[in-house]
Amino acid sequence: MSTQTPAERELAELLVESLNLEDVQPGEIDPEAPLFNAGLGLDSIDALELSLAISKRYGFHLRSDNEENLRIYASLRALSTHVEQHKAG
Amino acid sequence: MRMLVACAGGAGRGLTRLLLLPITVYFLLRRPAERRDSRAYLGRVFGRPARLREVARHIHTFAATILDRYFLLSREMQQFDVNVTGAEALHERVDRGQGVLLFGSHLGSFEVLRVLARRRPDYAIRVVLDRAHSAALTQALEAINPEMAATVIDAGQPGPMIMLEIQRAAQEGAMIALLVDRTQPGEASERVPFLGDSAAFPIAPWQIAAVLKIPVMLAFGLYRGGNRYDLVFEPFSEGIDLPRRERAAGIPALIGRYAQRLEAHVRDAPYNWFNFYDFWKYDNPDDDAGVEPEPAQAGVHRRGDAGEHAGPVLGDGAGGKR
């Protein structure tokens with residue numbers, strides 16, 4: 001497992017908190033493992049909850065109108081990179 | 001379907017309706033499965049064995065609304081007499097600007113919602129529909145009304161993408177229309193009392209509602225014969241507030257309350273029931289081996305959450321058989 005950057009760690013905390021993941025320590029999420037399907041095993045309702053939490057915390061909306069989204073949701077690292085590029089302020 | 005649409009385009013509604021009788025006779029004679037399901041359903045609603053003419057009327061009503069779908073989706077709506085109730089409640093909620101979830105069903109015609117677009121062109125409505133699953137409807141829609149087809153949220157794409165589109169539509173203050181009665185194979189569902197027995201309803205729409213916390217309205221487009229439709233909007237919730245850990249426990253009560261409302265409208269318009277299969281049967285989850293499940297829950301456990309996953313979201317919207 002590669003090491004989480006501080007931004008990834010912060011996002012991991014938001015993820016665990018907003019999704020109420022039991023038995024998952026934010027620091028233990030592999031930044032390169034898939035979030036959905038295998039890996040962390042999130043489902044589509046989790047995706048909705050997570051995108052709302054990201055909107056609230058980082059002040060921007062994940063867009064639904066491009067193919068990039070599948071890539072953005074691919075892993076904690078990909079999601080964090082996207083958040084860092086787009087967050088407000 | 002395509003043939004019917006071609007006839008409808010050329011001949012107009014009155015002439016095309018002449019085809020309804022032979023279509024009904026065809027279904028009565030050549031489609032024993034639908035005939036049997038119709039008879040069983042009507043018997044359940046009436047509390048006595050259904051007569052053949054009642055089965056015929058059921059099939060005729062279905063064929064009539066399929067035909068009307070063409071005229072409702074094209075711009076020829078003025079020939080319909082649509083009596084709308086509950087529009088004020090809907091307008092008031094849409095005007096709050098946070099989006100509204102509009103829960104429909106295969107009871108009657110969902111297409112009659114189109115009259116809203118005509119009366120309030122400023123309203124955005126996004127219909128969640130599986131394009132691949134309801135190919136006939138999608139093609140018809142694209143042929144008849146491409147602008148409207150473009151607003152469909154495709155339920156066939158990966159779950160997270162559907163959710164982002166729904167979230168975005170809500171942010172834009174749109175009405176998001178879903179059909180919430182039909183459970184797809186492999187989809188997470190909950191059994192609640194419905195017409196004297198327990199029936200499975202999908203849980204995903206209620207999970208979506210609990211996350212978005214925006215108003216939920218029920219919509220029923222009931223065919224009343226001739227050119228008459230009743231379009232009924234009912235407030236269901238101002239915003240479902242179920243904290244995540246209470247969701248699994250709280251959703252069955254919501255579905256149960258929904259099933260009661262659906263039952264009331266079924267009793268009011270029994271021939272509008274367009275789920276021509278055994279709605280009450282038990283699905284053995286082991287039978288769904290051929291169905292690709294939604295992202296599996298790989299060992300993640302939540303507090304107060306049994307770990308259900310949201311299956312393929314929602315019915316196919318085709319209004320037909322499956």
# chains A, B, ... in the order shown; residues from 1 in each chain; ligands from 1
>>> closest_atom_pairs(of="chain A", to="chain B", cutoff="9 Å", atoms="only C-alpha atoms", output="Markdown table")
| residue | atom | partner | partner_atom | distance |
| --- | --- | --- | --- | --- |
| A:Ser18 | CA | B:Arg244 | CA | 8.8 |
| A:Leu19 | CA | B:Arg244 | CA | 7.7 |
| A:Asn20 | CA | B:Arg302 | CA | 5.9 |
| A:Leu21 | CA | B:Arg302 | CA | 5.1 |
| A:Glu22 | CA | B:Arg302 | CA | 4.9 |
| A:Asp23 | CA | B:His301 | CA | 7.1 |
| A:Val24 | CA | B:Val300 | CA | 7.8 |
| A:Phe36 | CA | B:Pro295 | CA | 6.1 |
| A:Asn37 | CA | B:Pro295 | CA | 4.0 |
| A:Ala38 | CA | B:Ala298 | CA | 6.4 |
| A:Gly39 | CA | B:Ala298 | CA | 7.1 |
| A:Leu40 | CA | B:Ala298 | CA | 6.7 |
| A:Gly41 | CA | B:Gln297 | CA | 4.8 |
| A:Leu42 | CA | B:Gln297 | CA | 6.4 |
| A:Asp43 | CA | B:Pro295 | CA | 5.5 |
| A:Ser44 | CA | B:Pro160 | CA | 4.6 |
| A:Ile45 | CA | B:Ala310 | CA | 6.4 |
| A:Asp46 | CA | B:Pro160 | CA | 8.1 |
| A:Ala47 | CA | B:Pro160 | CA | 5.1 |
| A:Leu48 | CA | B:Met163 | CA | 5.3 |
| A:Glu49 | CA | B:Val211 | CA | 6.1 |
| A:Ser51 | CA | B:Leu164 | CA | 7.4 |
| A:Leu52 | CA | B:Gln167 | CA | 7.9 |
| A:His61 | CA | B:Arg168 | CA | 8.1 |
| A:Leu62 | CA | B:Leu164 | CA | 7.2 |
| A:Arg63 | CA | B:Leu164 | CA | 6.9 |
| A:Ser64 | CA | B:Glu165 | CA | 5.2 |
| A:Asp65 | CA | B:Glu165 | CA | 7.5 |
| A:Asn69 | CA | B:Met161 | CA | 7.2 |
| A:Leu70 | CA | B:Met161 | CA | 7.6 |
| A:Tyr73 | CA | B:Pro160 | CA | 8.3 |
>>> residues_around(residues="segment 187-199 of chain B", least_positions_apart="2", cutoff="6 Å", atoms="only C-alpha atoms", output="list in words")
Gln184, Pro185, Phe201, Pro202, Ile203, Gly256, Ala259, Trp280, Gly311 and Pro312 of chain B
>>> atom_distance(atom1="atom CA of Ala50 of chain B", atom2="atom CA of Tyr229 of chain B")
24.5 Å
>>> atom_distance(atom1="atom CA of Phe233 of chain B", atom2="atom CA of Phe103 of chain B")
9.5 Å
>>> select_by_dssp(residues="segment 2-70 of chain A", states="alpha helix (DSSP H)", output="ChimeraX atom specification")
/A:6-19,44-58,68-70
>>> residues_around(residues="Thr3 of chain A", least_positions_apart="5", cutoff="10 Å", atoms="only C-alpha atoms", output="tab-separated table (two decimals) with N, CA, C and O atoms, in the first residue's frame")
chain	number	residue	atom	x	y	z
A	8	GLU	N	-5.17	13.33	0.98
A	8	GLU	CA	-5.86	12.04	0.88
A	8	GLU	C	-6.35	11.61	2.26
A	8	GLU	O	-7.44	11.06	2.41
A	9	ARG	N	-5.54	11.88	3.26
A	9	ARG	CA	-5.92	11.51	4.62
A	9	ARG	C	-7.19	12.26	5.05
A	9	ARG	O	-8.12	11.71	5.61
A	27	GLY	N	-6.74	6.00	7.96
A	27	GLY	CA	-5.35	5.84	7.59
A	27	GLY	C	-5.04	4.51	6.90
A	27	GLY	O	-3.99	4.33	6.30
A	28	GLU	N	-6.02	3.59	7.00
A	28	GLU	CA	-5.76	2.26	6.43
A	28	GLU	C	-6.29	2.10	5.01
A	28	GLU	O	-6.17	1.04	4.41
A	29	ILE	N	-6.94	3.16	4.50
A	29	ILE	CA	-7.49	3.03	3.14
A	29	ILE	C	-6.35	3.16	2.13
A	29	ILE	O	-5.64	4.16	2.11
A	30	ASP	N	-6.19	2.16	1.32
A	30	ASP	CA	-5.16	2.18	0.29
A	30	ASP	C	-5.55	3.22	-0.77
A	30	ASP	O	-6.59	3.09	-1.40
A	31	PRO	N	-4.73	4.26	-0.92
A	31	PRO	CA	-5.13	5.35	-1.84
A	31	PRO	C	-5.28	4.89	-3.28
A	31	PRO	O	-5.93	5.57	-4.08
A	32	GLU	N	-4.71	3.76	-3.61
A	32	GLU	CA	-4.79	3.32	-4.99
A	32	GLU	C	-5.81	2.21	-5.22
A	32	GLU	O	-6.03	1.78	-6.34
>>> atom_distance(atom1="atom CA of Pro146 of chain B", atom2="atom CA of Arg69 of chain B")
14.6 Å
>>> residues_around(residues="Val127 of chain B", least_positions_apart="2", cutoff="9 Å", atoms="only C-alpha atoms", output="JSON, numbers by chain")
{"B": [125, 129, 151, 152, 153, 154, 175, 176, 177, 178, 179]}
